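Participant: My structure is in entry-v5.cif, and what it holds is mmCIF, C-alpha atoms:
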```
data_coords
loop_
_atom_site.label_atom_id
_atom_site.label_comp_id
_atom_site.auth_asym_id
_atom_site.auth_seq_id
_atom_site.Cartn_x
_atom_site.Cartn_y
_atom_site.Cartn_z
CA MET A 1 0.00 0.00 0.00
CA ILE A 2 2.88 2.37 0.78
CA TRP A 3 4.52 1.53 -2.56
CA LEU A 4 1.25 2.12 -4.40
CA THR A 5 0.81 5.49 -2.70
CA TRP A 6 4.33 6.50 -3.68
CA ARG A 7 3.75 5.44 -7.29
CA GLN A 8 0.57 7.48 -7.45
CA HIS A 9 2.06 10.65 -5.99
CA ARG A 10 5.69 10.64 -7.05
CA LYS A 11 5.08 13.15 -9.85
CA GLN A 12 3.35 15.48 -7.41
CA ALA A 13 6.26 15.09 -5.01
CA PHE A 14 8.78 15.82 -7.76
CA PHE A 15 7.01 18.98 -8.93
CA THR A 16 6.54 20.12 -5.34
CA LEU A 17 10.27 19.77 -4.68
CA LEU A 18 11.00 21.53 -7.95
CA GLY A 19 8.72 24.39 -6.93
CA PHE A 20 10.41 24.71 -3.54
CA ALA A 21 13.83 24.74 -5.20
CA ALA A 22 12.76 27.48 -7.62
CA LEU A 23 11.26 29.51 -4.77
CA ALA A 24 14.47 29.16 -2.74
CA ALA A 25 16.60 30.21 -5.72
CA LEU A 26 14.49 33.38 -6.00
CA MET A 27 14.07 34.25 -2.32
CA VAL A 28 17.49 33.44 -0.81
CA PRO A 29 19.42 36.17 -2.73
CA ILE A 30 16.74 38.72 -1.81
CA GLY A 31 16.87 37.64 1.83
CA LEU A 32 20.66 37.94 1.94
CA SER A 33 20.46 41.42 0.40
CA MET A 34 17.90 42.52 2.99
CA ARG A 35 19.99 41.21 5.87
CA HIS A 36 23.14 42.93 4.61
CA SER A 37 21.30 46.25 4.29
CA PHE A 38 19.74 45.79 7.72
CA ALA A 39 23.18 45.27 9.26
CA ASP A 40 24.80 48.14 7.34
CA LEU A 41 22.16 50.57 8.62
CA GLY A 42 22.75 49.42 12.20
CA LEU A 43 19.11 48.44 12.60
CA ALA A 44 19.79 45.31 14.64
CA ASP A 45 20.89 47.46 17.59
CA CYS A 46 17.96 49.80 16.99
CA ALA A 47 15.50 46.92 17.13
CA ARG A 48 16.88 45.81 20.50
CA GLN A 49 16.79 49.33 21.91
CA LEU A 50 13.28 50.16 20.70
CA ALA A 51 11.93 46.87 22.03
CA GLY A 52 12.11 48.39 25.51
CA THR A 53 10.74 51.53 27.05
CA ASN A 54 12.31 54.82 28.17
CA VAL A 55 14.23 55.21 24.93
CA ALA A 56 15.90 58.58 24.44
CA ASP A 57 14.15 60.77 21.87
CA ALA A 58 17.36 61.27 19.88
CA THR A 59 17.96 57.51 19.67
CA ARG A 60 14.37 56.90 18.68
CA GLU A 61 14.49 59.50 15.90
CA THR A 62 17.79 58.14 14.53
CA CYS A 63 16.51 54.58 14.53
CA GLU A 64 13.16 55.51 12.99
CA ALA A 65 15.00 57.30 10.19
CA GLY A 66 17.04 54.15 9.55
CA PHE A 67 13.91 51.99 9.51
CA ARG A 68 12.28 54.39 7.02
CA ARG A 69 15.29 54.10 4.71
CA PHE A 70 15.11 50.32 4.88
CA THR A 71 11.35 50.32 4.28
CA ASN A 72 11.68 52.66 1.30
CA ARG A 73 14.18 50.25 -0.22
CA TYR A 74 12.44 46.95 0.50
CA GLY A 75 8.85 47.87 1.37
CA SER A 76 7.57 46.66 -2.00
CA LEU A 77 8.51 43.11 -0.96
CA ASN A 78 5.46 43.10 1.29
CA LEU A 79 3.51 42.34 -1.90
CA VAL A 80 5.67 39.26 -2.37
CA ALA A 81 4.88 38.26 1.22
CA VAL A 82 1.16 38.45 0.41
CA LEU A 83 1.67 36.04 -2.50
CA LEU A 84 3.59 33.66 -0.25
CA LEU A 85 0.50 33.37 1.96
CA THR A 86 -1.08 31.28 -0.80
CA LEU A 87 1.41 28.40 -0.56
CA PRO A 88 -0.45 26.40 2.15
CA VAL A 89 -3.74 26.51 0.22
CA LEU A 90 -1.95 25.46 -2.99
CA VAL A 91 -0.75 22.35 -1.17
CA GLY A 92 -4.33 21.71 -0.10
CA LEU A 93 -5.64 22.18 -3.64
CA PHE A 94 -3.15 19.95 -5.41
CA TRP A 95 -2.44 17.35 -2.70
CA GLY A 96 -5.59 17.18 -0.60
CA ALA A 97 -8.51 17.72 -2.96
CA PRO A 98 -7.51 15.10 -5.59
CA LEU A 99 -6.63 12.43 -3.02
CA VAL A 100 -10.10 10.92 -2.86
CA ALA A 101 -11.98 12.87 -5.55
CA ARG A 102 -9.67 11.73 -8.35
CA GLU A 103 -9.96 8.07 -7.33
CA VAL A 104 -13.76 8.23 -7.28
CA GLU A 105 -14.02 10.34 -10.44
CA GLN A 106 -11.87 7.89 -12.39
CA GLY A 107 -13.43 4.83 -10.77
CA THR A 108 -10.10 3.38 -9.58
CA HIS A 109 -11.37 3.19 -5.99
CA ARG A 110 -13.42 0.12 -6.91
CA PHE A 111 -10.33 -1.75 -8.04
CA VAL A 112 -8.31 -0.82 -4.95
CA TRP A 113 -11.00 -1.71 -2.44
CA THR A 114 -11.60 -5.14 -3.99
CA GLN A 115 -7.95 -6.26 -3.84
CA GLY A 116 -7.79 -7.09 -0.17
CA VAL A 117 -7.18 -3.51 0.99
CA GLY A 118 -9.93 -2.29 3.27
CA ARG A 119 -11.26 1.22 3.01
CA ALA A 120 -10.08 2.19 6.49
CA ARG A 121 -6.54 0.93 5.85
CA TRP A 122 -6.45 2.62 2.45
CA ALA A 123 -7.55 5.91 3.97
CA LEU A 124 -5.19 5.75 6.95
CA VAL A 125 -2.14 4.93 4.83
CA LYS A 126 -2.84 7.54 2.17
CA PHE A 127 -3.87 10.23 4.63
CA GLY A 128 -0.94 9.43 6.91
CA LEU A 129 1.72 9.56 4.18
CA VAL A 130 0.34 12.71 2.63
CA GLY A 131 0.03 14.28 6.09
CA ALA A 132 3.65 13.44 6.93
CA ALA A 133 4.85 14.93 3.65
CA THR A 134 2.73 18.00 4.35
CA VAL A 135 4.25 18.49 7.81
CA LEU A 136 7.77 18.20 6.39
CA ALA A 137 7.04 20.73 3.65
CA ALA A 138 5.36 23.09 6.11
CA VAL A 139 8.31 22.96 8.52
CA CYS A 140 10.73 23.85 5.72
CA TYR A 141 8.39 26.60 4.54
CA GLY A 142 7.95 28.05 8.05
CA LEU A 143 11.69 28.08 8.79
CA GLY A 144 12.53 29.57 5.43
CA MET A 145 9.90 32.28 5.64
CA SER A 146 10.88 33.16 9.22
CA TRP A 147 14.42 33.73 8.02
CA TRP A 148 13.38 35.67 4.92
CA VAL A 149 10.78 37.95 6.48
CA GLY A 150 12.80 38.68 9.64
CA PRO A 151 14.24 42.07 8.55
CA LEU A 152 10.87 43.23 7.18
CA THR A 153 9.25 42.27 10.47
CA GLN A 154 11.74 44.19 12.59
CA ALA A 155 11.42 47.25 10.36
CA ALA A 156 7.61 47.29 10.67
CA SER A 157 6.15 49.07 13.69
CA GLU A 158 3.62 46.29 14.34
CA GLY A 159 6.40 43.66 14.54
CA ARG A 160 5.81 39.92 14.30
CA LEU A 161 2.15 40.19 15.28
CA GLY A 162 1.29 42.05 12.07
CA LEU A 163 -1.50 40.65 9.92
CA ILE A 164 0.71 39.27 7.14
CA VAL A 165 4.04 38.52 8.81
CA PHE A 166 2.42 36.55 11.65
CA ASP A 167 1.00 34.10 9.10
CA LEU A 168 4.37 33.50 7.46
CA GLN A 169 6.50 32.72 10.51
CA GLY A 170 6.91 30.24 13.31
CA VAL A 171 4.79 27.10 13.58
CA ALA A 172 1.53 28.59 12.27
CA PRO A 173 2.24 27.58 8.63
CA ILE A 174 2.25 23.93 9.76
CA GLY A 175 -1.29 24.30 11.07
CA TYR A 176 -2.44 26.17 7.96
CA THR A 177 -1.01 23.56 5.60
CA LEU A 178 -2.40 20.59 7.51
CA PHE A 179 -5.81 22.26 7.60
CA ALA A 180 -5.71 22.98 3.85
CA VAL A 181 -4.84 19.37 3.01
CA ALA A 182 -7.43 17.95 5.42
CA LEU A 183 -10.08 20.30 4.04
CA GLY A 184 -9.21 19.19 0.49
CA ILE A 185 -9.44 15.53 1.45
CA PHE A 186 -12.81 16.01 3.16
CA THR A 187 -14.32 18.01 0.31
CA GLY A 188 -13.15 15.28 -2.06
CA THR A 189 -15.23 12.74 -0.13
CA VAL A 190 -18.34 14.94 -0.34
CA TRP A 191 -18.07 16.41 -3.86
CA LYS A 192 -16.58 13.54 -5.83
CA ARG A 193 -15.22 15.61 -8.68
CA MET A 194 -11.79 17.21 -8.59
CA LEU A 195 -12.65 20.71 -9.81
CA PRO A 196 -15.63 21.27 -7.45
CA ALA A 197 -13.58 19.85 -4.59
CA MET A 198 -10.71 22.23 -5.34
CA GLY A 199 -13.03 25.23 -5.62
CA ILE A 200 -14.75 24.49 -2.32
CA THR A 201 -11.39 23.88 -0.65
CA LEU A 202 -10.17 27.29 -1.78
CA ALA A 203 -13.31 29.09 -0.60
CA GLY A 204 -13.41 27.24 2.71
CA PHE A 205 -9.74 27.85 3.44
CA ILE A 206 -9.98 31.59 2.76
CA GLY A 207 -13.15 31.90 4.84
CA VAL A 208 -11.79 30.07 7.89
CA ARG A 209 -8.40 31.81 7.74
CA ALA A 210 -10.02 35.24 7.52
CA ALA A 211 -12.44 34.49 10.35
CA VAL A 212 -9.67 33.30 12.67
CA ALA A 213 -7.30 36.17 11.84
CA ILE A 214 -9.88 38.93 12.15
CA LEU A 215 -12.32 37.65 14.76
CA ALA A 216 -10.36 35.25 16.96
CA ARG A 217 -6.67 36.21 16.98
CA PRO A 218 -7.07 39.63 18.67
CA HIS A 219 -8.81 37.86 21.58
CA TYR A 220 -6.46 34.94 22.28
CA GLN A 221 -5.44 36.84 25.41
CA PRO A 222 -7.08 39.86 27.10
CA ALA A 223 -5.73 42.96 25.42
CA ARG A 224 -3.97 45.62 27.46
CA THR A 225 -4.89 49.29 27.53
CA GLN A 226 -2.72 52.35 27.85
CA THR A 227 -3.62 56.00 28.33
CA PHE A 228 -1.52 59.13 28.09
CA PRO A 229 -2.38 62.85 28.04
CA ILE A 230 -2.87 64.82 24.86
CA GLU A 231 -0.49 67.49 26.13
CA GLY A 232 3.08 66.62 26.95
CA THR A 233 6.42 65.72 25.47
CA GLY A 234 7.75 62.38 24.35
CA THR A 235 5.97 59.30 23.09
CA PRO A 236 3.83 56.80 24.98
CA GLU A 237 5.57 54.00 26.84
CA ILE A 238 4.79 51.21 24.42
CA SER A 239 7.34 48.82 22.94
CA ARG A 240 8.00 48.69 19.24
CA GLY A 241 6.36 45.58 17.86
CA ASP A 242 3.27 45.72 20.04
CA TRP A 243 0.09 45.10 18.06
CA ILE A 244 -2.20 48.13 18.29
CA LEU A 245 -5.78 46.86 18.02
CA ALA A 246 -7.54 50.20 18.48
CA GLN A 247 -6.73 53.73 19.52
CA GLY A 248 -8.41 57.09 19.83
CA VAL A 249 -8.98 60.18 21.90
CA ARG A 250 -11.44 60.02 24.80
CA ASN A 251 -13.02 62.62 27.05
CA PRO A 252 -12.61 62.29 30.84
CA ASP A 253 -15.88 60.30 31.04
CA GLY A 254 -14.51 57.73 28.57
CA THR A 255 -16.51 58.88 25.55
CA MET A 256 -14.62 58.33 22.29
CA ILE A 257 -14.14 61.66 20.52
CA ALA A 258 -11.83 60.69 17.67
CA ALA A 259 -11.17 57.06 16.74
CA ASP A 260 -8.06 55.66 15.04
CA THR A 261 -5.93 58.66 15.90
CA ARG A 262 -4.03 60.31 18.72
CA ILE A 263 -3.20 63.89 19.63
CA GLN A 264 0.10 65.07 21.09
CA CYS A 265 0.60 68.74 21.71
CA PRO A 266 3.26 70.64 23.64
CA PRO A 267 2.17 71.83 27.10
CA GLY A 268 -0.14 74.82 26.72
CA GLY A 269 -0.18 74.43 22.95
CA LYS A 270 -2.76 76.38 20.96
CA GLY A 271 -3.94 76.28 17.38
CA PRO A 272 -3.63 79.09 14.82
CA ASP A 273 -6.92 80.56 15.98
CA GLY A 274 -5.77 80.68 19.60
CA ARG A 275 -7.97 77.81 20.77
CA ALA A 276 -6.59 75.04 22.97
CA CYS A 277 -5.12 71.95 21.30
CA GLY A 278 -7.90 69.70 20.01
CA ALA A 279 -10.70 72.14 20.83
CA GLU A 280 -12.08 71.84 17.28
CA LEU A 281 -12.93 68.21 18.07
CA GLY A 282 -14.95 69.09 21.14
CA ILE A 283 -12.30 67.79 23.54
CA GLU A 284 -12.93 68.60 27.18
CA PRO A 285 -10.27 69.41 29.78
CA GLY A 286 -8.68 66.21 30.97
CA ALA A 287 -9.11 64.35 27.67
CA TYR A 288 -6.57 61.64 26.97
CA ASN A 289 -5.23 59.31 24.31
CA TRP A 290 -6.25 55.66 24.59
CA GLN A 291 -4.74 52.52 23.06
CA LEU A 292 -5.78 48.86 23.10
CA TYR A 293 -2.91 46.52 22.23
CA GLN A 294 -1.42 43.04 22.42
CA PRO A 295 2.20 42.99 23.68
CA ALA A 296 4.90 41.82 21.28
CA ASP A 297 6.11 39.15 23.72
CA ARG A 298 2.90 37.16 23.17
CA PHE A 299 3.99 36.15 19.66
CA TRP A 300 4.85 32.53 20.46
CA LEU A 301 1.80 32.12 22.69
CA PHE A 302 -0.42 33.32 19.85
CA GLN A 303 1.45 31.06 17.41
CA GLY A 304 0.81 28.05 19.61
CA ILE A 305 -2.88 28.87 20.05
CA GLU A 306 -3.50 29.43 16.36
CA THR A 307 -1.55 26.35 15.31
CA GLY A 308 -3.55 24.29 17.81
CA ILE A 309 -6.82 25.58 16.35
CA PHE A 310 -5.93 24.58 12.80
CA VAL A 311 -4.40 21.24 13.78
CA ALA A 312 -7.58 20.40 15.72
CA LEU A 313 -9.71 21.36 12.71
CA ALA A 314 -7.49 19.22 10.46
CA LEU A 315 -7.84 16.17 12.72
CA LEU A 316 -11.61 16.63 12.83
CA LEU A 317 -11.82 16.87 9.05
CA LEU A 318 -9.65 13.78 8.59
CA TYR A 319 -11.85 11.82 10.99
CA LEU A 320 -14.94 12.88 9.06
CA ALA A 321 -13.20 12.02 5.78
CA VAL A 322 -12.47 8.46 6.97
CA ARG A 323 -16.13 8.07 7.90
CA ARG A 324 -17.17 9.37 4.49
CA VAL A 325 -14.82 6.96 2.68
CA ARG A 326 -16.60 4.03 4.31
CA ARG A 327 -19.91 5.18 2.78
CA ILE A 328 -18.73 5.78 -0.79
CA ALA A 329 -20.44 3.34 -3.16
#
```
The structure in this file should be written as structure tokens.
Facilitator:
Amino acid sequence: MIWLTWRQHRKQAFFTLLGFAALAALMVPIGLSMRHSFADLGLADCARQLAGTNVADATRETCEAGFRRFTNRYGSLNLVAVLLLTLPVLVGLFWGAPLVAREVEQGTHRFVWTQGVGRARWALVKFGLVGAATVLAAVCYGLGMSWWVGPLTQAASEGRLGLIVFDLQGVAPIGYTLFAVALGIFTGTVWKRMLPAMGITLAGFIGVRAAVAILARPHYQPARTQTFPIEGTGTPEISRGDWILAQGVRNPDGTMIAADTRIQCPPGGKGPDGRACGAELGIEPGAYNWQLYQPADRFWLFQGIETGIFVALALLLLYLAVRRVRRIA
């Protein structure tokens, strides 16, 4: 059974390895260039300094200028990072969806299941081998992307918890890839044609990933809040890399006056018309800036939680797929 599975999927394995090799040949030189520029600009020391609090204003300004230069040079690579997010679902489309759907569509399942190989054994061997290959590919992908996107992550103010870079790094890609393959296998047992199974896999993967990233991820742990006055010098005591979920200006009673912004004025500052800072917004005396954020040091905790969610979903889908295989005529 193992030999048969290898014979059936060796072309897929070859083209997958070829694709990874081509991707590495393209991305490694770019990654080396980014890391050299990052070191030449002295941004490694800046990242360590800005990760803490009570950073001198002069140091902060110098470092921010260096980060802007790096971002101006390599910021367009964020578009490449967006494209790299599609790799897990591609594995699901071309490895998971055809696994059962192609057998049933071509009728070869009848031959296999009448040659002394039970349906449960067939499913467990095929699902197990494909799952092991998926984990191996996902580990290589996660390690490679963590290395490649590292400088871009450190240059971005939101750090590793950012919406795109979080999905590319750490152990989360393993969960995404396993889920994509399991979803493809399950859809192949329900819609027994390859193209419908691939289409539903794509739609389901995008829907679940978006729901988890937007609705669930900000709430894995209770978010912290920070307030600071609208008049004063310096910047708020928040580490670079913290994930700002929401911010705004509130009146003393907590009423939100201006969302998604903050006001910082020098003590006693007045506008051109002589009115107090922020008076045009209806700000009352004692108004303050407010921020809701997730600390940067929760990155690995969030990675573990999200990976656990997708691995659990993958196991559930595989269990349901095995049950469906037993009912296929």
Participant: With all atoms listed in the file as the basis for distance, which of A:Arg160, A:Trp148, A:Phe20, A:Leu136 is at the shortest distance from Ser33 in chain A?
Facilitator: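 Of A:Arg160, A:Trp148, A:Phe20, A:Leu136, the one nearest Ser33 in chain A, counting all atoms listed in the file, is A:Trp148.
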Participant: Quick one: distance from CA of Thr225 in chain A to CA of Gln291 in chain A in Å, one decimal?
Facilitator: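 CA of Gln291 in chain A lies at a distance of 5.5 Å from CA of Thr225 in chain A.
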Participant: Check the smallest atom-to-atom distance from each of A:Glu280, A:Gln303, A:Thr177, A:Val100 to Ile328 in chain A using all atoms listed in the file, then report the winner.
Facilitator: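 Closest to Ile328 in chain A of all the choices is A:Val100.
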Participant: Using only C-alpha atoms, find the one residue out of A:Ala81, A:Leu163, A:Phe14, A:Met34 that sits nearest to Ala210 in chain A.
Facilitator: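 Using only C-alpha atoms, the shortest distance to Ala210 in chain A belongs to A:Leu163.
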Participant: Name every residue that the PyMOL selection byres ((chain A and resi 293) around 6) selects in this structure, writing the answer as a compact mmCIF listing (two decimals) with C-alpha atoms, in the coordinates of the input with chains first and numbers rising.
Facilitator:
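out04.txt was written with the following content:
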```txt
# COMPACT_ATOMS: atom_id res chain seq x y z
CA ALA A 223 -5.73 42.96 25.42
CA ARG A 224 -3.97 45.62 27.46
CA TRP A 243 0.09 45.10 18.06
CA ILE A 244 -2.20 48.13 18.29
CA LEU A 245 -5.78 46.86 18.02
CA LEU A 292 -5.78 48.86 23.10
CA GLN A 294 -1.42 43.04 22.42
```
Participant: A:Leu195, A:Leu316, A:Ala39, A:Ala172: which is nearest Ala213 in chain A, counting all atoms listed in the file?
Facilitator: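 Using all atoms listed in the file, the shortest distance to Ala213 in chain A belongs to A:Ala172.
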Participant: I'd like to know which of A:Ala101, A:Leu23, A:Leu313, A:Ala138 is closest to Gly188 in chain A, using all atoms listed in the file.
Facilitator: A:Ala101
Participant: Counting all atoms listed in the file, which residue out of A:Ile164, A:Cys140, A:Met256, A:Arg240 sits closest to Ile214 in chain A?
Facilitator: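 Among the listed residues, A:Ile164 lies closest to Ile214 in chain A.
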Participant: Might you spell out which residues the PyMOL selection byres ((chain A and resi 248) around 8) would select in the displayed file, as number ranges by chain?
Facilitator: A: 246-247, 249-250, 256-262, 289-291
Participant: In Å, with one decimal, what is the gap from CA of Leu85 in chain A to CA of Gly170 in chain A?
Facilitator: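 About the pair CA of Leu85 in chain A and CA of Gly170 in chain A: they are 13.4 Å apart.
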Participant: Please write the residues picked by the PyMOL selection byres ((chain A and resi 197) around 12) on this file as a short mmCIF file (atom, residue, chain, number, x, y, z; two decimals) with C-alpha atoms, in the coordinates of the input.
Facilitator:
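part.cif, written as the output of this step:
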```cif
data_model
loop_
_atom_site.label_atom_id
_atom_site.label_comp_id
_atom_site.auth_asym_id
_atom_site.auth_seq_id
_atom_site.Cartn_x
_atom_site.Cartn_y
_atom_site.Cartn_z
CA GLY A 92 -4.33 21.71 -0.10
CA LEU A 93 -5.64 22.18 -3.64
CA PHE A 94 -3.15 19.95 -5.41
CA TRP A 95 -2.44 17.35 -2.70
CA GLY A 96 -5.59 17.18 -0.60
CA ALA A 97 -8.51 17.72 -2.96
CA PRO A 98 -7.51 15.10 -5.59
CA LEU A 99 -6.63 12.43 -3.02
CA VAL A 100 -10.10 10.92 -2.86
CA ALA A 101 -11.98 12.87 -5.55
CA ARG A 102 -9.67 11.73 -8.35
CA VAL A 104 -13.76 8.23 -7.28
CA GLU A 105 -14.02 10.34 -10.44
CA ALA A 180 -5.71 22.98 3.85
CA VAL A 181 -4.84 19.37 3.01
CA ALA A 182 -7.43 17.95 5.42
CA LEU A 183 -10.08 20.30 4.04
CA GLY A 184 -9.21 19.19 0.49
CA ILE A 185 -9.44 15.53 1.45
CA PHE A 186 -12.81 16.01 3.16
CA THR A 187 -14.32 18.01 0.31
CA GLY A 188 -13.15 15.28 -2.06
CA THR A 189 -15.23 12.74 -0.13
CA VAL A 190 -18.34 14.94 -0.34
CA TRP A 191 -18.07 16.41 -3.86
CA LYS A 192 -16.58 13.54 -5.83
CA ARG A 193 -15.22 15.61 -8.68
CA MET A 194 -11.79 17.21 -8.59
CA LEU A 195 -12.65 20.71 -9.81
CA PRO A 196 -15.63 21.27 -7.45
CA MET A 198 -10.71 22.23 -5.34
CA GLY A 199 -13.03 25.23 -5.62
CA ILE A 200 -14.75 24.49 -2.32
CA THR A 201 -11.39 23.88 -0.65
CA LEU A 202 -10.17 27.29 -1.78
CA ALA A 203 -13.31 29.09 -0.60
CA GLY A 204 -13.41 27.24 2.71
CA PHE A 205 -9.74 27.85 3.44
#
```
Participant: For Met27 in chain A, find every residue with an atom within 12 Å (counting only C-alpha atoms), except residues of its own chain fewer than 3 positions away, and show them as a PyMOL selection string.
Facilitator: chain A and resi 20-24+30-34+77+80-81+84+141+144-145+147-149
Participant: Kindly give the distance, in Å, that separates CA of Asp45 in chain A and CA of Gly304 in chain A, rounded to a single decimal.
Facilitator: 28.0 Å
Participant: For range 200-317 of chain A versus range 117-134 of chain A, which residues have an atom no more than 12 Å away, and what is each residue's nearest atom pair and distance in Å rounded to one decimal, using all atoms listed in the file, chain-then-number order, as JSON lines?
Facilitator:
```
{"residue": "A:Val311", "atom": "CA", "partner": "A:Gly131", "partner_atom": "CA", "distance": 11.3}
{"residue": "A:Ala314", "atom": "CA", "partner": "A:Gly131", "partner_atom": "CA", "distance": 10.0}
{"residue": "A:Leu315", "atom": "CA", "partner": "A:Gly131", "partner_atom": "CA", "distance": 10.5}
{"residue": "A:Leu317", "atom": "CA", "partner": "A:Phe127", "partner_atom": "CA", "distance": 11.3}
```
Participant: Got time to write the residues from that selection, C-alpha atoms, as a compact mmCIF listing (two decimals), in the frame of the given file?
Facilitator:
```txt
# COMPACT_ATOMS: atom_id res chain seq x y z
CA VAL A 311 -4.40 21.24 13.78
CA ALA A 314 -7.49 19.22 10.46
CA LEU A 315 -7.84 16.17 12.72
CA LEU A 317 -11.82 16.87 9.05
```
Participant: Fewer than 5 positions away in the same chain doesn't count, so skip those; otherwise give me all residues within 10 Å of Thr153 in chain A, counting only C-alpha atoms, as an NGL selection string.
Facilitator: :A and (78 or 146 or 148 or 158-162 or 164-166 or 169 or 241)
